[in-house]
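Structure below is my_file-v2.cif: mmCIF, C-alpha atoms.
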```cif
data_start
#
loop_
_atom_site.label_atom_id
_atom_site.label_comp_id
_atom_site.auth_asym_id
_atom_site.auth_seq_id
_atom_site.Cartn_x
_atom_site.Cartn_y
_atom_site.Cartn_z
CA LEU T 80 3.49 57.06 -39.61
CA ILE T 81 3.85 53.95 -37.47
CA ARG T 82 6.31 55.69 -35.16
CA GLN T 83 3.99 58.71 -34.80
CA GLU T 84 1.08 56.44 -33.87
CA MET T 85 3.27 54.55 -31.41
CA LEU T 86 4.37 57.79 -29.74
CA ARG T 87 0.76 58.98 -29.58
CA GLN T 88 -0.38 55.80 -27.86
CA LEU T 89 2.51 55.98 -25.40
CA ALA T 90 1.64 59.59 -24.58
CA ASP T 91 -2.05 58.76 -24.11
CA ALA T 92 -1.41 55.75 -21.86
CA THR T 93 -2.70 56.16 -18.29
CA SER T 94 -1.79 52.77 -16.82
CA PRO T 95 1.16 52.45 -14.39
CA TYR T 96 3.07 50.34 -16.92
CA VAL T 97 3.18 50.24 -20.72
CA LEU T 98 4.72 47.38 -22.68
CA LEU T 99 6.34 48.31 -25.99
CA VAL T 100 6.93 45.24 -28.15
CA ALA T 101 8.81 45.98 -31.37
CA PRO T 102 11.12 44.14 -33.79
CA LEU T 103 14.72 45.35 -33.90
CA LEU T 104 14.13 47.35 -30.72
CA LEU T 105 17.77 48.27 -30.12
CA GLU T 106 18.74 48.58 -33.77
CA ASN T 107 16.12 51.29 -34.29
CA LYS T 108 16.92 52.97 -30.96
CA LEU T 109 13.38 52.40 -29.69
CA ASP T 110 14.91 51.51 -26.33
CA GLN T 111 15.31 55.27 -25.84
CA LEU T 112 11.53 55.49 -25.45
CA VAL T 113 11.34 53.18 -22.42
CA ASP T 114 12.65 53.07 -18.87
CA ALA T 115 13.65 49.42 -18.93
CA VAL T 116 14.28 46.71 -21.54
CA LEU T 117 13.27 43.14 -20.72
CA VAL T 118 14.66 40.32 -22.85
CA VAL T 119 12.23 37.41 -22.84
CA ASP T 120 13.82 34.21 -24.06
CA VAL T 121 13.07 30.52 -23.93
CA SER T 122 15.38 27.56 -23.69
CA GLU T 123 16.82 25.86 -26.74
CA GLN T 124 14.70 22.81 -25.90
CA THR T 125 11.48 24.87 -25.86
CA GLN T 126 12.34 26.47 -29.19
CA ILE T 127 12.94 23.06 -30.74
CA ASN T 128 9.73 21.64 -29.24
CA ARG T 129 7.77 24.43 -30.92
CA THR T 130 9.25 23.53 -34.30
CA SER T 131 7.56 21.34 -36.91
CA VAL T 132 8.34 20.34 -40.50
CA ARG T 133 6.23 21.00 -43.57
CA ASP T 134 7.43 20.30 -47.12
CA GLY T 135 11.03 20.07 -45.93
CA ARG T 136 10.90 23.41 -44.11
CA LEU T 137 11.22 23.96 -40.37
CA GLU T 138 8.29 26.04 -39.15
CA LEU T 139 7.99 27.92 -35.86
CA GLU T 140 4.77 28.87 -34.11
CA GLY T 141 5.29 32.56 -34.87
CA GLY T 142 5.29 32.01 -38.64
CA ALA T 143 9.03 31.99 -39.33
CA SER T 144 10.34 29.09 -41.40
CA TYR T 145 13.81 27.79 -42.25
CA ARG T 146 15.23 25.36 -44.77
CA LEU T 147 18.21 24.34 -42.66
CA LEU T 148 18.74 23.54 -38.97
CA VAL T 149 22.33 24.14 -37.83
CA LEU T 150 24.15 22.82 -34.78
CA PRO T 151 27.27 24.70 -33.60
CA SER T 152 30.39 23.25 -35.20
CA THR T 153 31.83 22.76 -31.70
CA THR T 154 28.97 20.51 -30.56
CA THR T 155 30.22 17.39 -28.76
CA ALA T 156 27.42 16.77 -26.25
CA ILE T 157 23.66 17.12 -26.54
CA SER T 158 20.73 16.29 -24.28
CA LEU T 159 18.68 13.21 -25.12
CA PRO T 160 15.33 15.08 -25.30
CA LEU T 161 16.84 17.51 -27.80
CA LEU T 162 18.42 14.74 -29.86
CA ARG T 163 15.12 12.84 -29.96
CA LYS T 164 13.36 15.96 -31.24
CA LEU T 165 16.06 16.49 -33.89
CA ARG T 166 15.60 12.87 -34.94
CA ASP T 167 11.86 13.39 -35.35
CA LEU T 168 12.39 16.59 -37.37
CA VAL T 169 14.88 14.96 -39.74
CA GLN T 170 12.65 11.91 -40.15
CA ALA T 171 9.85 14.29 -41.15
CA GLY T 172 12.01 15.91 -43.85
CA ALA T 173 14.27 18.50 -42.19
CA VAL T 174 17.92 18.99 -43.15
CA LEU T 175 20.34 19.15 -40.22
CA LEU T 176 23.91 20.45 -40.44
CA GLY T 177 26.35 19.71 -37.64
CA PRO T 178 28.81 17.24 -36.11
CA LYS T 179 27.72 13.94 -34.61
CA PRO T 180 27.32 14.32 -30.82
CA ARG T 181 29.45 11.95 -28.76
CA ALA T 182 27.89 12.27 -25.32
CA THR T 183 24.90 13.51 -23.36
CA PRO T 184 25.40 15.77 -20.34
CA GLY T 185 24.97 14.44 -16.83
CA MET T 186 23.59 10.97 -16.19
CA GLY T 187 21.77 10.56 -19.50
CA ASP T 188 21.60 7.26 -21.32
CA GLN T 189 24.82 7.24 -23.33
CA ALA T 190 23.84 4.04 -25.12
CA GLU T 191 20.60 5.55 -26.43
CA LEU T 192 22.42 8.69 -27.56
CA ALA T 193 24.99 6.63 -29.46
CA GLN T 194 22.23 4.58 -31.08
CA ILE T 195 20.25 7.62 -32.26
CA ALA T 196 23.36 9.50 -33.41
CA GLU T 197 24.61 6.50 -35.37
CA ALA T 198 21.25 6.10 -37.09
CA MET T 199 21.05 9.80 -37.98
CA TRP T 200 24.64 10.53 -39.00
CA GLY T 201 25.57 7.08 -40.28
CA ASP T 202 28.98 7.33 -41.97
CA ALA T 203 28.79 11.13 -42.40
CA ASP T 204 32.03 12.02 -40.61
CA GLY T 205 32.46 15.45 -42.25
CA ARG T 206 35.69 14.39 -43.90
CA THR T 207 35.26 11.53 -46.37
CA VAL T 208 31.44 11.48 -46.27
CA ALA T 209 29.43 14.70 -46.05
CA GLU T 210 25.80 13.60 -45.71
CA HIS T 211 23.52 10.76 -44.70
CA ARG T 212 19.88 10.29 -45.63
CA TYR T 213 17.57 9.65 -42.69
CA GLY T 214 13.82 9.26 -43.07
CA LYS T 215 12.53 11.98 -45.38
CA GLY T 216 15.43 14.31 -44.52
CA LYS T 217 19.17 14.15 -44.16
CA VAL T 218 22.08 15.04 -41.90
CA VAL T 219 25.11 16.94 -43.24
CA SER T 220 28.48 17.24 -41.52
CA GLY T 221 31.66 19.21 -42.22
CA ARG T 222 30.21 21.61 -44.79
CA GLU T 223 29.71 25.37 -44.83
CA ILE T 224 26.17 26.70 -44.44
CA ALA T 225 26.31 28.49 -47.80
CA THR T 226 27.40 25.28 -49.55
CA VAL T 227 24.54 23.28 -48.03
CA LEU T 228 21.96 25.95 -48.91
CA GLU T 229 23.25 26.11 -52.46
CA GLY T 230 22.87 22.34 -52.71
CA LEU T 231 19.26 22.74 -51.57
CA ASN T 232 18.71 25.37 -54.29
CA VAL T 233 18.01 28.00 -51.65
CA THR T 234 18.66 31.58 -52.75
CA PRO T 235 19.10 34.44 -50.25
CA ASP T 236 15.81 35.43 -48.60
CA TYR T 237 16.58 39.10 -49.30
CA ALA T 238 19.39 41.24 -50.64
CA PHE T 239 20.09 44.98 -50.64
CA SER T 240 22.41 47.10 -52.73
CA ARG T 241 24.88 49.45 -51.02
CA GLN T 242 24.89 53.18 -51.64
CA HIS T 243 28.03 53.53 -49.53
CA ALA T 244 30.80 51.13 -48.55
CA ASP T 245 29.55 51.10 -44.96
CA SER T 246 25.82 50.96 -45.75
CA GLU T 247 24.02 48.53 -43.49
CA ILE T 248 20.45 47.47 -44.24
CA VAL T 249 19.03 44.58 -42.20
CA ALA T 250 15.72 42.75 -42.29
CA THR T 251 13.57 40.15 -40.61
CA HIS T 252 10.96 38.02 -42.38
CA ARG T 253 7.88 36.09 -41.39
CA SER T 254 4.88 34.64 -43.18
CA ASP T 255 1.21 34.64 -42.33
CA SER T 256 -1.68 32.93 -44.08
CA ASN T 257 -1.74 35.21 -47.12
CA ALA T 258 1.28 37.51 -46.99
CA GLU T 259 5.05 37.67 -46.75
CA ILE T 260 6.07 40.33 -44.20
CA TYR T 261 9.52 41.91 -44.22
CA PHE T 262 10.72 44.43 -41.64
CA VAL T 263 13.57 46.39 -43.25
CA ALA T 264 15.75 48.74 -41.20
CA ASN T 265 18.53 51.18 -42.04
CA GLN T 266 21.28 50.91 -39.42
CA LYS T 267 22.87 54.27 -40.24
CA ALA T 268 21.76 57.67 -38.95
CA ARG T 269 21.36 59.01 -42.50
CA PRO T 270 19.05 58.46 -45.46
CA GLU T 271 19.99 55.55 -47.72
CA LYS T 272 19.03 54.74 -51.30
CA PHE T 273 19.10 51.06 -52.17
CA GLU T 274 17.58 48.40 -54.36
CA ALA T 275 15.98 45.46 -52.58
CA SER T 276 15.16 41.96 -53.75
CA PHE T 277 13.01 39.46 -51.85
CA ARG T 278 12.55 35.73 -52.38
CA VAL T 279 8.80 35.53 -52.91
CA ASP T 280 6.62 34.02 -55.60
CA ASN T 281 4.58 36.06 -58.07
CA ASN T 282 1.33 35.45 -56.19
CA SER T 283 2.78 37.03 -53.06
CA MET T 284 3.76 40.11 -55.07
CA SER T 285 0.29 40.68 -56.56
CA LYS T 286 -0.23 43.33 -53.89
CA VAL T 287 2.61 45.18 -52.17
CA THR T 288 2.09 47.48 -49.19
CA TYR T 289 4.79 49.77 -47.81
CA LEU T 290 4.54 51.04 -44.25
CA PRO T 291 7.36 53.51 -43.51
CA LEU T 292 8.56 53.89 -39.93
CA PHE T 293 10.15 57.27 -39.18
#
```

Target encoding structure tokens, full file:
Amino acid sequence: LIRQEMLRQLADATSPYVLLVAPLLLENKLDQLVDAVLVVDVSEQTQINRTSVRDGRLELEGGASYRLLVLPSTTTAISLPLLRKLRDLVQAGAVLLGPKPRATPGMGDQAELAQIAEAMWGDADGRTVAEHRYGKGKVVSGREIATVLEGLNVTPDYAFSRQHADSEIVATHRSDSNAEIYFVANQKARPEKFEASFRVDNNSMSKVTYLPLF
């Protein structure tokens, strides 16, 4: 139904250009409906600046939220503005997983970086000590993501059974003021039967609406 309405609106459009904005654009082969695909991205710094913390969760402006912020395991250098923002997020209650940065690129203040990193990571070297409390949050080093999430009592956001060995069901999730919204997509060019589970409370499940996209 959604796809039919989308195709109708595309066919009825009379303007020189039409913008089609859709989740999982390539995965659902919606790129076949357009002449050009534009990837609009923002810098890592901008993404971090748009992030806040509420009740220990990282929240983005678009409604997505995360329990854990992860730095690449190969991180050795980080910009001072980014490190300052990470410091503020952890102080406010976020959990950060990653190695302690040793330098800042370019001509940044190495002394300030070392001071902030030492305060945040403390003695968490990822070998003998795994975590360090900082403000309302903590920094973890040298642990697997799954291990950290388990320690935070975080269960998978969603899970799907497999009808076939190569079944591939993916999803994205966001929240608005009164609903939990999941976009679920079958990655195979065939019908799939599966059972789905979602991490939502009972109040969120008082009303469930399904909108199929064909």

Task: Ala275 in chain T environment, 12 Å, all atoms listed in the file, sequence neighbours closer than 3 positions dropped, as a list in words - done: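 My reading of the contact set: Pro235, Asp236, Tyr237, Ala238, Phe239, Ser240, Arg241, Gln242, Ile248, Val249, Ala250, Tyr261, Val263, Ala264, Glu271, Lys272 and Arg278 of chain T.
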
Output file for the selection above: C-alpha atoms, as a PDB file, in the coordinates of the input:
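Full text of out-v1.pdb as output:
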```pdb
ATOM      1  CA  PRO T 235      19.100  34.440 -50.250  1.00  0.00           C
ATOM      2  CA  ASP T 236      15.810  35.430 -48.600  1.00  0.00           C
ATOM      3  CA  TYR T 237      16.580  39.100 -49.300  1.00  0.00           C
ATOM      4  CA  ALA T 238      19.390  41.240 -50.640  1.00  0.00           C
ATOM      5  CA  PHE T 239      20.090  44.980 -50.640  1.00  0.00           C
ATOM      6  CA  SER T 240      22.410  47.100 -52.730  1.00  0.00           C
ATOM      7  CA  ARG T 241      24.880  49.450 -51.020  1.00  0.00           C
ATOM      8  CA  GLN T 242      24.890  53.180 -51.640  1.00  0.00           C
ATOM      9  CA  ILE T 248      20.450  47.470 -44.240  1.00  0.00           C
ATOM     10  CA  VAL T 249      19.030  44.580 -42.200  1.00  0.00           C
ATOM     11  CA  ALA T 250      15.720  42.750 -42.290  1.00  0.00           C
ATOM     12  CA  TYR T 261       9.520  41.910 -44.220  1.00  0.00           C
ATOM     13  CA  VAL T 263      13.570  46.390 -43.250  1.00  0.00           C
ATOM     14  CA  ALA T 264      15.750  48.740 -41.200  1.00  0.00           C
ATOM     15  CA  GLU T 271      19.990  55.550 -47.720  1.00  0.00           C
ATOM     16  CA  LYS T 272      19.030  54.740 -51.300  1.00  0.00           C
ATOM     17  CA  ARG T 278      12.550  35.730 -52.380  1.00  0.00           C
TER      18      ARG T 278
END
```

- [ ] I need the residue set behind the PyMOL selection byres ((chain T and resi 151) around 10) for this file; please write it as a ChimeraX atom specification.
- [x] /T:149-150,152-155,176-178

TODO: Choose the residue, out of T:Tyr96, T:Val287, T:Val279, T:Leu168, that has the smallest atom-to-atom separation from Arg253 in chain T; count all atoms listed in the file.
DONE: T:Val279

Task: Separation of CA of Gly216 in chain T from CA of Ile260 in chain T in Å - done: 27.7 Å

Task: Minimum-distance residue to Ala182 in chain T, chosen among T:Ala90, T:Trp200, T:Ala156, T:Leu162 (using only C-alpha atoms) - done: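 Between T:Ala90, T:Trp200, T:Ala156, T:Leu162, the residue approaching Ala182 in chain T most closely is T:Ala156.
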
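Across the structure, CA of Gly205 in chain T and CA of Pro180 in chain T are spaced 12.6 Å apart.
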
- [ ] Would you mind reading off the distance between CA of Leu231 in chain T and CA of Ile157 in chain T, one decimal, in Å?
- [x] 26.0 Å

Task: Pick from T:Gln88, T:Thr183, T:Ser220, T:Ser246 nearest to Leu148 in chain T, counting only C-alpha atoms - done: T:Ser220

Open item on the list: Measuring between all atoms listed in the file, which one of T:Leu161, T:Ala173, T:Val208, T:Ala115 shows the shortest distance to Glu138 in chain T?
Closed with: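 Residue with the minimum atom-to-atom distance to Glu138 in chain T: T:Ala173.
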
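Look at everything within 10 Å of (5.6, 17.5, -49.5) using all atoms listed in the file, and the residues you get are Val132, Arg133, Asp134, Gly135, Arg136, Ala171, Gly172 and Lys215 of chain T.
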
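Among the candidate residues T:Leu175, T:Leu137, T:Ile224, T:Leu159, the one lying nearest to Ala203 in chain T is T:Leu175, with distances computed using only C-alpha atoms.
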
Open item on the list: So, with all atoms listed in the file as the atoms that count, which of T:Leu165, T:Leu228, T:Ala244, T:Ala209 lies closest to Ala196 in chain T?
Closed with: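 That would be T:Leu165, the residue with the smallest distance to Ala196 in chain T.
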
- [ ] Determine, counting only C-alpha atoms, which protein, DNA and RNA residues have an atom within 12 Å of an atom of Asp245 in chain T; residues of the same chain fewer than 5 positions away are not included. Present the result as number ranges by chain.
- [x] T: 240, 265-269, 271

Report the centre and edge lengths, in Å to one decimal, of an axis-aligned box enclosing every atom of range 106-115 of chain T listed in the file, padded by 3 Å on each side, as AutoDock Vina command-line options.
```
--center_x 15.0 --center_y 52.0 --center_z -26.6 --size_x 13.4 --size_y 12.9 --size_z 21.4
```

Open item on the list: Env of Ser254 in chain T: 9 Å cut, atoms = only C-alpha atoms, seq-sep filter 5 positions within chain, self excluded. Answer as an NGL selection string.
Closed with: :T and (141-144 or 259-261)

Mind filling out range 226-250 of chain T with N, CA, C and O atoms and sending it as a CSV table (one decimal), keeping the file's coordinate frame?
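Full text of result_39.csv as output:
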```
chain,number,residue,atom,x,y,z
T,226,THR,N,27.3,26.4,-48.6
T,226,THR,CA,27.4,25.3,-49.6
T,226,THR,C,26.2,24.4,-49.5
T,226,THR,O,25.6,23.9,-50.5
T,227,VAL,N,25.7,24.1,-48.2
T,227,VAL,CA,24.5,23.3,-48.0
T,227,VAL,C,23.3,23.9,-48.6
T,227,VAL,O,22.5,23.3,-49.3
T,228,LEU,N,23.1,25.2,-48.4
T,228,LEU,CA,22.0,26.0,-48.9
T,228,LEU,C,22.0,26.0,-50.4
T,228,LEU,O,20.9,25.8,-51.1
T,229,GLU,N,23.2,26.1,-51.0
T,229,GLU,CA,23.2,26.1,-52.5
T,229,GLU,C,22.8,24.7,-53.0
T,229,GLU,O,22.2,24.6,-54.0
T,230,GLY,N,23.3,23.7,-52.3
T,230,GLY,CA,22.9,22.3,-52.7
T,230,GLY,C,21.4,22.1,-52.6
T,230,GLY,O,20.8,21.2,-53.3
T,231,LEU,N,20.7,22.8,-51.7
T,231,LEU,CA,19.3,22.7,-51.6
T,231,LEU,C,18.5,23.7,-52.5
T,231,LEU,O,17.3,23.8,-52.4
T,232,ASN,N,19.3,24.4,-53.4
T,232,ASN,CA,18.7,25.4,-54.3
T,232,ASN,C,18.0,26.5,-53.6
T,232,ASN,O,16.9,27.0,-54.0
T,233,VAL,N,18.6,26.9,-52.4
T,233,VAL,CA,18.0,28.0,-51.6
T,233,VAL,C,18.8,29.3,-52.0
T,233,VAL,O,20.0,29.4,-51.8
T,234,THR,N,18.1,30.3,-52.5
T,234,THR,CA,18.7,31.6,-52.8
T,234,THR,C,18.5,32.5,-51.5
T,234,THR,O,17.6,32.2,-50.7
T,235,PRO,N,19.3,33.6,-51.4
T,235,PRO,CA,19.1,34.4,-50.2
T,235,PRO,C,17.7,34.9,-50.1
T,235,PRO,O,17.0,35.2,-51.1
T,236,ASP,N,17.2,35.0,-48.9
T,236,ASP,CA,15.8,35.4,-48.6
T,236,ASP,C,15.6,36.9,-49.0
T,236,ASP,O,14.5,37.3,-49.5
T,237,TYR,N,16.6,37.7,-48.9
T,237,TYR,CA,16.6,39.1,-49.3
T,237,TYR,C,18.0,39.6,-49.5
T,237,TYR,O,19.0,39.0,-49.0
T,238,ALA,N,18.1,40.6,-50.3
T,238,ALA,CA,19.4,41.2,-50.6
T,238,ALA,C,19.2,42.7,-50.9
T,238,ALA,O,18.2,43.1,-51.4
T,239,PHE,N,20.2,43.5,-50.5
T,239,PHE,CA,20.1,45.0,-50.6
T,239,PHE,C,21.4,45.5,-51.3
T,239,PHE,O,22.5,45.1,-50.9
T,240,SER,N,21.2,46.5,-52.2
T,240,SER,CA,22.4,47.1,-52.7
T,240,SER,C,23.0,48.1,-51.7
T,240,SER,O,22.3,48.4,-50.7
T,241,ARG,N,24.2,48.5,-51.9
T,241,ARG,CA,24.9,49.4,-51.0
T,241,ARG,C,25.1,50.8,-51.7
T,241,ARG,O,25.7,50.8,-52.8
T,242,GLN,N,24.6,51.8,-51.1
T,242,GLN,CA,24.9,53.2,-51.6
T,242,GLN,C,26.3,53.6,-51.2
T,242,GLN,O,27.0,54.3,-52.0
T,243,HIS,N,26.7,53.2,-50.0
T,243,HIS,CA,28.0,53.5,-49.5
T,243,HIS,C,28.7,52.2,-49.1
T,243,HIS,O,28.1,51.2,-48.9
T,244,ALA,N,30.0,52.3,-49.0
T,244,ALA,CA,30.8,51.1,-48.6
T,244,ALA,C,30.4,50.6,-47.2
T,244,ALA,O,30.4,49.4,-46.9
T,245,ASP,N,29.9,51.5,-46.3
T,245,ASP,CA,29.6,51.1,-45.0
T,245,ASP,C,28.0,51.1,-44.8
T,245,ASP,O,27.5,51.0,-43.7
T,246,SER,N,27.3,51.1,-45.9
T,246,SER,CA,25.8,51.0,-45.8
T,246,SER,C,25.5,49.7,-45.1
T,246,SER,O,26.1,48.6,-45.3
T,247,GLU,N,24.4,49.7,-44.2
T,247,GLU,CA,24.0,48.5,-43.5
T,247,GLU,C,22.5,48.5,-43.4
T,247,GLU,O,21.9,49.2,-42.6
T,248,ILE,N,21.9,47.7,-44.2
T,248,ILE,CA,20.4,47.5,-44.2
T,248,ILE,C,20.2,46.1,-43.8
T,248,ILE,O,20.8,45.1,-44.3
T,249,VAL,N,19.3,45.9,-42.7
T,249,VAL,CA,19.0,44.6,-42.2
T,249,VAL,C,17.5,44.3,-42.3
T,249,VAL,O,16.7,45.2,-42.6
T,250,ALA,N,17.1,43.1,-42.1
T,250,ALA,CA,15.7,42.8,-42.3
T,250,ALA,C,15.4,41.5,-41.5
T,250,ALA,O,16.3,40.7,-41.2
```
